[in-house]
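Next up, data.cif (mmCIF, C-alpha atoms):
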data_data
loop_
_atom_site.label_atom_id
_atom_site.label_comp_id
_atom_site.auth_asym_id
_atom_site.auth_seq_id
_atom_site.Cartn_x
_atom_site.Cartn_y
_atom_site.Cartn_z
CA MET A 305 -17.15 -30.21 -68.30
CA ARG A 306 -18.75 -32.09 -65.44
CA CYS A 307 -15.42 -31.97 -63.56
CA PHE A 308 -15.26 -28.21 -64.12
CA VAL A 309 -18.75 -27.69 -62.69
CA VAL A 310 -17.94 -29.82 -59.67
CA LEU A 311 -14.70 -27.88 -59.14
CA ALA A 312 -16.54 -24.54 -59.43
CA CYS A 313 -19.08 -25.67 -56.87
CA LEU A 314 -16.34 -26.70 -54.48
CA VAL A 315 -14.55 -23.35 -54.88
CA GLY A 316 -17.82 -21.49 -54.34
CA ALA A 317 -18.57 -23.50 -51.24
CA SER A 318 -15.09 -22.81 -49.89
CA ALA A 319 -15.55 -19.09 -50.52
CA LEU A 320 -18.86 -19.10 -48.68
CA THR A 321 -17.26 -20.94 -45.78
CA MET A 322 -14.37 -18.46 -45.70
CA ASN A 323 -16.77 -15.50 -45.80
CA ALA A 324 -18.81 -17.04 -43.03
CA GLU A 325 -15.65 -17.39 -40.92
CA VAL A 326 -14.64 -13.79 -41.62
CA GLU A 327 -18.06 -12.51 -40.69
CA LYS A 328 -18.13 -14.35 -37.36
CA PRO A 329 -17.91 -11.83 -34.53
CA LYS A 330 -14.49 -12.07 -32.93
CA LYS A 331 -14.22 -12.27 -29.19
CA LYS A 332 -12.03 -9.60 -27.70
CA ASN A 333 -8.95 -10.85 -25.96
CA HIS A 334 -9.26 -8.64 -22.91
CA LYS A 335 -5.94 -9.88 -21.59
CA MET A 336 -4.13 -8.71 -24.74
CA VAL A 337 -5.95 -5.36 -24.77
CA ALA A 338 -5.07 -4.79 -21.14
CA LYS A 339 -1.41 -5.58 -21.82
CA LYS A 340 -1.32 -3.25 -24.82
CA ASN A 341 -2.77 -0.38 -22.80
CA GLU A 342 -0.73 -1.10 -19.69
CA GLY A 343 1.00 2.04 -18.48
CA SER A 344 -0.67 4.33 -21.03
CA GLU A 345 -2.37 6.37 -18.29
CA ASP A 346 0.98 6.81 -16.54
CA ARG A 347 2.53 8.03 -19.81
CA LEU A 348 -0.28 10.55 -20.29
CA SER A 349 0.50 12.00 -16.87
CA LEU A 350 4.06 12.86 -17.92
CA PRO A 351 4.92 16.50 -18.76
CA LYS A 352 3.46 17.68 -22.08
CA PHE A 353 5.83 18.80 -24.82
CA VAL A 354 5.80 20.26 -28.32
CA TRP A 355 8.01 18.93 -31.11
CA LEU A 356 9.75 21.70 -33.04
CA ASP A 357 11.29 21.64 -36.51
CA GLN A 358 14.93 20.63 -36.51
CA LYS A 359 17.74 23.10 -37.07
CA ALA A 360 20.77 21.30 -38.46
CA LYS A 361 23.48 21.84 -41.03
CA TYR A 362 23.65 19.31 -43.88
CA ASP A 363 26.66 18.54 -46.06
CA LEU A 364 26.71 18.49 -49.87
CA GLN A 365 25.42 14.92 -49.86
CA GLY A 366 22.46 15.92 -47.70
CA PHE A 367 23.77 14.24 -44.53
CA SER A 368 23.72 15.72 -41.03
CA TRP A 369 25.59 13.86 -38.30
CA ALA A 370 23.63 15.69 -35.61
CA ASN A 371 20.30 14.86 -37.23
CA TYR A 372 21.36 11.22 -37.73
CA ARG A 373 22.11 10.85 -34.03
CA TRP A 374 18.89 12.58 -33.04
CA ASN A 375 16.82 10.22 -35.19
CA LEU A 376 18.33 7.30 -33.25
CA ASP A 377 17.66 9.00 -29.91
CA SER A 378 14.10 10.20 -30.42
CA PRO A 379 11.72 7.54 -31.87
CA GLY A 380 9.93 7.14 -28.54
CA LEU A 381 9.13 10.86 -28.42
CA ARG A 382 7.68 11.19 -31.91
CA ASN A 383 4.36 9.47 -31.10
CA HIS A 384 4.40 9.92 -27.33
CA PRO A 385 0.96 10.44 -25.73
CA SER A 386 2.27 13.58 -23.98
CA LYS A 387 3.19 15.21 -27.28
CA VAL A 388 0.86 18.13 -28.09
CA ALA A 389 0.33 20.39 -31.08
CA LYS A 390 2.59 23.41 -31.62
CA GLY A 391 1.36 26.54 -29.94
CA GLN A 392 -0.25 24.89 -26.93
CA ASP A 393 0.53 27.08 -23.94
CA ASP A 394 0.38 24.25 -21.41
CA ALA A 395 3.39 22.41 -22.90
CA LYS A 396 6.06 22.03 -20.23
CA PHE A 397 8.85 21.52 -22.78
CA ALA A 398 9.71 22.38 -26.37
CA VAL A 399 11.91 19.65 -27.87
CA ILE A 400 14.34 20.64 -30.61
CA CYS A 401 17.55 19.51 -32.34
CA CYS A 402 20.42 20.23 -33.09
CA LEU A 403 22.60 22.90 -31.47
CA ASP A 404 26.21 23.25 -32.64
CA LYS A 405 28.51 26.03 -33.84
CA ASP A 406 26.73 26.07 -37.22
CA THR A 407 23.23 26.57 -35.79
CA GLU A 408 23.81 28.58 -32.62
CA ALA A 409 22.65 31.85 -34.25
CA GLN A 410 19.32 30.23 -35.15
CA PHE A 411 18.87 28.93 -31.63
CA LEU A 412 19.52 32.33 -30.09
CA LYS A 413 16.65 33.70 -32.20
CA LEU A 414 14.11 31.21 -30.81
CA PRO A 415 11.18 32.85 -28.95
CA LYS A 416 11.84 33.16 -25.24
CA ARG A 417 10.34 30.58 -22.88
CA SER A 418 10.64 30.46 -19.10
CA ALA A 419 13.19 28.46 -17.11
CA ASP A 420 10.39 26.29 -15.72
CA LYS A 421 9.06 25.58 -19.25
CA PRO A 422 12.33 25.32 -21.16
CA TYR A 423 13.54 24.13 -24.53
CA LEU A 424 15.06 20.64 -24.44
CA VAL A 425 17.95 21.11 -26.86
CA LYS A 426 19.83 18.16 -28.38
CA ILE A 427 23.54 18.92 -28.74
CA LEU A 428 26.50 16.87 -29.95
CA ASP A 429 29.04 18.29 -27.52
CA GLY A 430 29.56 21.32 -25.34
CA SER A 431 33.29 21.78 -25.87
CA SER A 432 32.87 25.00 -27.83
CA GLU A 433 33.12 28.15 -25.72
CA SER A 434 30.41 29.71 -27.90
CA ILE A 435 27.98 26.86 -27.08
CA ARG A 436 28.49 27.42 -23.37
CA LYS A 437 27.82 31.12 -23.94
CA VAL A 438 24.52 30.22 -25.62
CA PHE A 439 23.44 28.52 -22.39
CA ASP A 440 24.58 31.52 -20.38
CA LYS A 441 22.39 33.76 -22.54
CA ARG A 442 19.41 31.42 -22.59
CA PRO A 443 18.30 30.25 -19.12
CA ASP A 444 15.34 28.65 -20.91
CA PHE A 445 17.63 26.02 -22.52
CA LEU A 446 18.30 22.52 -21.13
CA ALA A 447 20.84 20.43 -23.03
CA MET A 448 20.28 16.78 -23.94
CA ASN A 449 23.44 14.75 -24.51
CA TYR A 450 25.16 11.44 -23.67
CA ASP A 451 27.60 13.33 -21.43
CA LEU A 452 27.06 16.89 -20.19
CA ARG A 453 30.86 17.29 -20.03
CA ASP A 454 31.36 15.96 -23.56
CA GLY A 455 34.49 17.59 -24.96
CA MET A 456 35.22 19.36 -21.64
CA ASP A 457 37.71 18.81 -18.86
CA LYS A 458 36.70 16.02 -16.48
CA GLN A 459 36.53 18.49 -13.57
CA ALA A 460 34.58 21.18 -15.41
CA ALA A 461 31.04 22.15 -14.46
CA PRO A 462 28.66 20.23 -16.76
CA LEU A 463 26.26 21.98 -19.10
CA ARG A 464 22.82 22.66 -17.67
CA GLY A 465 20.67 19.78 -18.84
CA ILE A 466 20.03 16.05 -18.81
CA THR A 467 22.09 13.01 -19.77
CA ILE A 468 20.24 10.57 -22.04
CA ALA A 469 21.06 6.91 -22.72
CA PRO A 470 23.44 6.23 -25.62
CA HIS A 471 21.25 5.00 -28.47
CA ASN A 472 22.28 1.33 -28.81
CA TYR A 473 20.36 -1.69 -27.48
CA PHE A 474 21.63 -5.15 -26.53
CA ASN A 475 20.47 -7.63 -29.19
CA GLY A 476 21.76 -10.89 -27.75
CA LYS A 477 20.16 -13.57 -25.61
CA ARG A 478 18.75 -12.17 -22.40
CA MET A 479 19.58 -13.95 -19.17
CA LYS A 480 17.40 -14.29 -16.09
CA GLU A 481 18.50 -12.33 -13.05
CA ASP A 482 19.68 -15.40 -11.12
CA ASP A 483 21.30 -17.21 -14.08
CA ASN A 484 25.00 -17.97 -13.70
CA ARG A 485 27.18 -15.85 -15.97
CA LYS A 486 29.86 -17.38 -18.20
CA PHE A 487 32.34 -14.60 -17.42
CA PHE A 488 33.20 -12.72 -14.27
CA VAL A 489 34.59 -9.59 -15.96
CA THR A 490 34.94 -8.67 -19.64
CA PHE A 491 35.70 -5.88 -22.04
CA GLN A 492 35.56 -5.96 -25.80
CA GLY A 493 36.14 -2.96 -28.02
CA ARG A 494 38.50 -0.88 -30.12
CA LYS A 495 41.74 0.72 -28.97
CA THR A 496 40.42 4.24 -29.31
CA SER A 497 42.30 5.62 -26.30
CA LYS A 498 45.56 5.12 -24.45
CA LEU A 499 43.53 4.02 -21.43
CA ARG A 500 42.16 1.06 -23.41
CA HIS A 501 45.67 0.04 -24.51
CA VAL A 502 46.80 0.11 -20.88
CA LEU A 503 43.73 -1.79 -19.67
CA HIS A 504 44.28 -4.52 -22.26
CA ASP A 505 47.91 -5.01 -21.19
CA SER A 506 47.22 -4.93 -17.46
CA PHE A 507 44.93 -7.97 -17.76
CA ASN A 508 46.53 -9.86 -20.64
CA LYS A 509 50.08 -9.59 -19.27
CA HIS A 510 49.04 -10.39 -15.71
CA HIS A 511 50.65 -13.54 -14.29
CA VAL A 512 47.25 -14.89 -13.12
CA TYR A 513 44.40 -13.23 -14.99
CA LYS A 514 45.75 -14.07 -18.44
CA PHE A 515 45.11 -17.74 -17.63
CA MET A 516 41.56 -17.31 -16.29
CA LYS A 517 38.77 -18.51 -18.58
CA ASN A 518 36.15 -16.25 -17.02
CA ILE A 519 38.21 -13.06 -17.46
CA SER A 520 38.37 -11.64 -20.98
CA VAL A 521 39.67 -8.17 -21.82
CA GLU A 522 40.12 -7.86 -25.59
CA THR A 523 40.80 -4.87 -27.79
CA VAL A 524 41.55 -4.45 -31.51
CA MET A 525 43.02 -1.65 -33.57
CA ASP A 526 40.62 0.63 -35.44
CA ARG A 527 41.58 -0.80 -38.83
CA MET A 528 40.15 -4.17 -37.74
CA TRP A 529 36.84 -2.86 -36.43
CA ASN A 530 34.82 -4.39 -39.28
CA VAL A 531 36.53 -7.79 -38.99
CA LYS A 532 35.73 -8.68 -35.40
CA GLN A 533 34.74 -7.17 -32.06
CA GLN A 534 32.00 -5.16 -33.74
CA THR A 535 29.33 -4.09 -31.27
CA GLY A 536 26.32 -6.38 -31.50
CA ASP A 537 27.95 -9.33 -33.28
CA ALA A 538 27.81 -12.89 -31.92
CA LYS A 539 31.20 -12.74 -30.21
CA PHE A 540 30.41 -9.37 -28.65
CA ASN A 541 27.08 -10.64 -27.33
CA GLN A 542 28.74 -13.71 -25.84
CA LYS A 543 31.14 -11.50 -23.87
CA MET A 544 28.19 -9.59 -22.45
CA ASN A 545 27.22 -12.79 -20.59
CA SER A 546 29.27 -11.50 -17.69
CA THR A 547 28.87 -10.43 -14.07
CA TYR A 548 30.81 -7.22 -14.72
CA VAL A 549 31.52 -5.33 -17.95
CA LEU A 550 34.32 -2.76 -18.01
CA LEU A 551 33.43 0.59 -19.60
CA PRO A 552 36.70 2.46 -20.21
CA LYS A 553 36.68 5.80 -22.03
CA GLY A 554 37.46 5.66 -25.73
CA ASP A 555 37.14 8.50 -28.25
CA ASP A 556 34.78 10.07 -25.71
CA ARG A 557 33.94 9.44 -22.08
CA TRP A 558 30.50 8.09 -23.03
CA SER A 559 30.12 4.77 -24.81
CA LEU A 560 27.37 2.95 -26.71
CA ARG A 561 28.44 -0.08 -24.65
CA PHE A 562 26.85 1.50 -21.57
CA SER A 563 23.33 0.92 -22.91
CA GLU A 564 24.24 -2.56 -24.18
CA THR A 565 25.63 -3.52 -20.77
CA ILE A 566 22.44 -2.48 -19.00
CA GLY A 567 20.34 -4.35 -21.58
CA ALA A 568 22.45 -7.49 -21.08
CA GLY A 569 21.92 -7.38 -17.31
CA ALA A 570 25.63 -6.95 -16.49
CA ILE A 571 26.97 -4.62 -13.82
CA PRO A 572 28.81 -1.67 -15.44
CA VAL A 573 32.30 -0.82 -14.19
CA ILE A 574 33.01 2.72 -15.36
CA LEU A 575 36.52 4.02 -16.00
CA ALA A 576 35.70 7.43 -17.47
CA ASP A 577 36.48 10.23 -15.01
CA GLY A 578 33.93 13.03 -15.15
CA LEU A 579 31.25 11.17 -17.13
CA THR A 580 27.69 12.27 -16.33
CA LEU A 581 25.38 9.24 -16.26
CA PRO A 582 22.00 8.71 -17.97
CA TYR A 583 18.96 10.01 -16.07
CA GLU A 584 21.10 10.44 -12.95
CA HIS A 585 18.63 12.78 -11.25
CA THR A 586 16.08 9.95 -11.25
CA ILE A 587 18.42 6.89 -11.05
CA ASP A 588 20.66 6.19 -8.06
CA TRP A 589 23.57 4.59 -9.93
CA SER A 590 25.39 3.77 -6.68
CA LYS A 591 23.10 0.74 -6.36
CA ALA A 592 23.78 -0.62 -9.85
CA ALA A 593 27.26 0.44 -11.04
CA ILE A 594 30.86 0.69 -9.92
CA ARG A 595 32.94 3.75 -10.71
CA LEU A 596 36.74 3.54 -10.63
CA PRO A 597 39.45 6.13 -11.38
CA ASN A 598 41.00 6.00 -14.84
CA ASN A 599 44.47 5.30 -13.47
CA MET A 600 43.27 1.94 -12.12
CA ALA A 601 43.45 0.69 -15.71
CA GLU A 602 47.19 0.46 -15.14
CA ASN A 603 46.82 -2.37 -12.65
CA ALA A 604 44.29 -5.20 -12.99
CA ASP A 605 44.67 -6.12 -9.30
CA ASP A 606 43.36 -2.69 -8.30
CA ILE A 607 40.25 -3.21 -10.42
CA MET A 608 39.64 -6.78 -9.23
CA GLN A 609 39.93 -5.75 -5.57
CA HIS A 610 37.05 -3.31 -6.06
CA LEU A 611 34.64 -5.79 -7.67
CA PRO A 612 32.39 -7.48 -5.08
CA LYS A 613 32.66 -11.27 -5.30
CA ASP A 614 29.99 -12.38 -2.85
CA GLN A 615 26.77 -13.54 -4.51
CA GLU A 616 24.51 -11.56 -2.19
CA THR A 617 26.02 -8.23 -3.30
CA ILE A 618 26.22 -9.29 -6.95
CA LEU A 619 22.57 -10.35 -7.08
CA LYS A 620 21.47 -7.18 -5.31
CA MET A 621 23.33 -4.99 -7.81
CA ARG A 622 22.16 -7.09 -10.74
CA LYS A 623 18.53 -6.69 -9.66
CA ALA A 624 19.05 -2.93 -9.66
CA VAL A 625 20.44 -3.16 -13.23
CA TYR A 626 17.39 -5.14 -14.37
CA ASP A 627 15.05 -2.62 -12.73
CA ILE A 628 16.86 0.26 -14.46
CA ASN A 629 16.67 -1.48 -17.83
CA ARG A 630 12.96 -2.17 -17.41
CA ASN A 631 12.08 1.37 -16.33
CA PHE A 632 14.60 3.51 -18.23
CA PHE A 633 16.44 1.68 -21.05
CA GLN A 634 14.69 -1.30 -22.61
CA ASN A 635 12.91 0.32 -25.60
CA PRO A 636 12.38 3.75 -27.23
CA GLN A 637 9.11 4.35 -25.38
CA VAL A 638 10.66 3.73 -21.96
CA ARG A 639 13.61 5.99 -22.83
CA ALA A 640 11.25 8.77 -23.91
CA ASP A 641 9.42 8.50 -20.57
CA ALA A 642 12.75 8.57 -18.73
CA LEU A 643 13.83 11.68 -20.63
CA LEU A 644 10.67 13.57 -19.66
CA ARG A 645 10.89 12.50 -16.01
CA GLU A 646 14.55 13.48 -15.87
CA ALA A 647 13.90 16.89 -17.46
CA ASP A 648 11.08 17.49 -14.98
CA ALA A 649 13.39 16.62 -12.06
CA VAL A 650 16.11 19.02 -13.29
CA VAL A 651 13.60 21.85 -13.76
CA LYS A 652 12.40 21.35 -10.18
CA LEU A 653 16.02 21.77 -9.08
CA GLY A 654 16.17 25.08 -10.94
CA GLY A 655 18.57 23.60 -13.50
CA LYS A 656 21.15 22.80 -10.82
CA TYR A 657 23.32 19.74 -11.38
CA SER A 658 22.57 17.56 -8.37
CA PRO A 659 22.54 13.83 -9.29
CA LEU A 660 21.27 11.20 -6.87
CA TRP A 661 24.73 9.61 -6.98
CA LYS A 662 26.76 12.42 -5.45
CA PRO A 663 30.10 13.29 -7.09
CA GLU A 664 31.91 13.29 -3.75
CA ASP A 665 30.86 9.66 -3.26
CA SER A 666 31.19 8.43 -6.84
CA GLU A 667 34.42 10.19 -7.85
CA PRO A 668 36.20 11.27 -4.66
CA TRP A 669 39.55 11.40 -6.50
CA LEU A 670 38.25 14.33 -8.62
CA GLU A 671 36.18 16.27 -6.13
CA PRO A 672 38.89 18.43 -4.49
CA ASN A 673 39.59 20.14 -7.84
CA ARG A 674 36.13 19.89 -9.39
CA ALA A 675 34.38 23.11 -10.46
CA GLY A 676 31.61 23.83 -7.99
CA ALA A 677 32.96 21.60 -5.22
CA THR A 678 32.19 22.80 -1.69
CA GLU A 679 34.26 22.47 1.47
CA GLU A 680 31.71 19.95 2.71
CA SER A 681 31.90 17.82 -0.45
CA LYS A 682 35.70 17.96 -0.39
CA ALA A 683 35.73 16.70 3.22
CA ILE A 684 33.41 13.81 2.32
CA ALA A 685 35.50 13.01 -0.75
CA SER A 686 38.79 12.90 1.16
CA THR A 687 37.38 10.14 3.38
CA HIS A 688 36.14 8.07 0.44
CA ALA A 689 39.36 8.58 -1.50
CA LEU A 690 41.23 6.52 1.07
CA ASN A 691 39.34 3.45 -0.16
CA PHE A 692 41.04 3.78 -3.55
CA LYS A 693 44.63 3.89 -2.22
CA VAL A 694 45.38 0.22 -2.80
CA HIS A 695 48.73 -1.48 -2.65
CA ILE A 696 50.24 -2.27 -6.04
CA PRO A 697 51.78 -5.75 -5.81
CA PRO A 698 55.27 -6.51 -7.20
CA ALA A 699 55.57 -7.82 -10.76
CA TYR A 700 56.13 -11.39 -9.58
CA LEU A 701 54.29 -12.71 -6.55
CA ARG A 702 55.61 -15.52 -4.42
CA THR A 703 54.06 -18.90 -5.17
CA ALA A 704 51.91 -18.85 -2.02
CA GLU A 705 50.50 -15.40 -2.90
CA ARG A 706 49.84 -16.51 -6.47
CA ASN A 707 47.98 -19.59 -5.26
CA GLN A 708 45.92 -17.45 -2.90
CA THR A 709 44.96 -15.15 -5.81
CA ILE A 710 43.88 -18.15 -7.89
CA ALA A 711 41.89 -19.56 -4.95
CA GLU A 712 40.03 -16.27 -4.52
CA LEU A 713 39.20 -16.21 -8.23
CA LYS A 714 38.01 -19.81 -8.22
CA ALA A 715 35.58 -18.84 -5.47
CA THR A 716 33.84 -16.77 -8.16
CA GLY A 717 33.61 -19.79 -10.50
CA ALA A 718 36.78 -19.02 -12.43
CA GLU A 719 38.74 -21.67 -14.31
CA THR A 720 42.30 -21.55 -15.58
CA VAL A 721 43.39 -22.46 -19.08
CA ALA A 722 46.66 -23.92 -17.81
#
Full structure transcribed into structure tokens:
Amino acid sequence: MRCFVVLACLVGASALTMNAEVEKPKKKNHKMVAKKNEGSEDRLSLPKFVWLDQKAKYDLQGFSWANYRWNLDSPGLRNHPSKVAKGQDDAKFAVICCLDKDTEAQFLKLPKRSADKPYLVKILDGSSESIRKVFDKRPDFLAMNYDLRDGMDKQAAPLRGITIAPHNYFNGKRMKEDDNRKFFVTFQGRKTSKLRHVLHDSFNKHHVYKFMKNISVETVMDRMWNVKQQTGDAKFNQKMNSTYVLLPKGDDRWSLRFSETIGAGAIPVILADGLTLPYEHTIDWSKAAIRLPNNMAENADDIMQHLPKDQETILKMRKAVYDINRNFFQNPQVRADALLREADAVVKLGGKYSPLWKPEDSEPWLEPNRAGATEESKAIASTHALNFKVHIPPAYLRTAERNQTIAELKATGAETVA
């Protein structure tokens, strides 16, 4: 009994002590508060928008592919400080999903807005002629998609709208800007296009590159996608520790790997003719990415000749990638801000497609036949196109030429496996 009383007293004393500690006034950590609120005023200054109820078709199991994608794209918008209640007249944008052939009639019935206060309409692709007609009928619509030519010819005029970042994030170890990379150039993914088959063979059957430890171009067939090479797994993340990451077209021109490459701090090398790039009216991609014609996949030497190897250029481009990730890609909130800034920039252009990275500079091989090309842009493109007419070497180089190739690669830190 005496032990019980003593124990009760001890418990009571502990409780009093705990209560006393709870009741102590806590000092505010002003540093933490400041960090939490950092940038909030800037976000409030972004264009206001209203969030409208989704219009999407669901299957018998209650699933909507369009809605699924939109839920991955939009978390940063849902609680954004610029979001206002429905019906507010000062809202610059009305955000809504999801336009496709099954919902186009509902979208055409939406109340009219003005072209300078448009609807931001999430779409899956614009390949349908009827979808393009919707945009012809509704000048108050701006499309949101991963590629404004999705499903269209690579030289077609893109839909009026904005390109948003594909919804994946890099989940591996993040490197510092000046850290040495394990690889010089990599690709890892599924063989979802002929171009990827060709790219795989051009590196892995090459008399030099197939022996280089810091060059890795791997593809697998679709049936093996859940066995290895899955985006985000340990092996995938290891291959993102690279100076350059190849981004060849697959099922579509756009790729989830684009966002993962930016998050990993690698320089994207795009082989997807006609692809519109994320937030390209507010990002100058010429400072951070390399764009090559699809047919270069046929010859690894062509690709390697167009990848800068001097550290000054590499570090300059890598810094631009890190800046883009920090300001446009790194989390849902930043992507929401980027979306609103991009939409605002396109509205100020009257809906005209005019990216900071000009098509005549970025894809000169397409410009002469591109819809909307001008005589001036064609003239500029013809000059740039000469830079892509590279000599294709014979199948077997002489020993001296082979040694020179290896020496150039070793200057980038490459090692051979043989």
Would you write out, as an mmCIF file with C-alpha atoms, keeping the file's coordinate frame, every residue that the PyMOL selection byres ((chain A and resi 592) around 6) captures in this file?
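Output saved as selection09.cif:
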data_model
loop_
_atom_site.group_PDB
_atom_site.id
_atom_site.type_symbol
_atom_site.label_atom_id
_atom_site.label_comp_id
_atom_site.auth_asym_id
_atom_site.auth_seq_id
_atom_site.Cartn_x
_atom_site.Cartn_y
_atom_site.Cartn_z
ATOM 1 C CA TRP A 589 23.570 4.590 -9.930
ATOM 2 C CA SER A 590 25.390 3.770 -6.680
ATOM 3 C CA LYS A 591 23.100 0.740 -6.360
ATOM 4 C CA ALA A 593 27.260 0.440 -11.040
ATOM 5 C CA MET A 621 23.330 -4.990 -7.810
ATOM 6 C CA ALA A 624 19.050 -2.930 -9.660
ATOM 7 C CA VAL A 625 20.440 -3.160 -13.230
#
Cut-off 10 Å around (35.4, 14.6, -15.1) with all atoms listed in the file: residues as an MDAnalysis selection string = chainID A and resid 453:454 456:462 557 576:580 663 667 670:671 674:675
So which residues fall inside 7 Å of (48.0, -2.6, -18.0) if we count all atoms listed in the file? Mind giving them as a PyMOL selection string?
-> chain A and resi 502-507+601-604
For the file shown, report as a list in words the outcome of the PyMOL selection byres ((chain A and resi 685) around 12) at residue level.
->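 Applied to this file, the PyMOL selection byres ((chain A and resi 685) around 12) selects Lys662, Pro663, Glu664, Asp665, Ser666, Glu667, Pro668, Trp669, Leu670, Glu671, Pro672, Asn673, Arg674, Ala677, Thr678, Glu679, Glu680, Ser681, Lys682, Ala683, Ile684, Ser686, Thr687, His688, Ala689, Leu690, Asn691 and Phe692 of chain A.
Using all atoms listed in the file, the nearest neighbour of Gln637 of chain A within the list A:Lys361, A:Asp377, A:Thr565, A:Ser349 is A:Asp377.
Across the model, the gap from atom CA of His511 of chain A to atom CA of Met600 of chain A is 17.3 Å.
Take the candidates A:Ala395, A:Leu463, A:Cys402, A:Val549 and check each one against Val521 of chain A using only C-alpha atoms; the shortest distance goes to A:Val549.
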Shell around Asn541 of chain A at 8 Å using all atoms listed in the file, local window under 2 positions removed, as a PyMOL selection string | chain A and resi 474-477+535-539+543-545
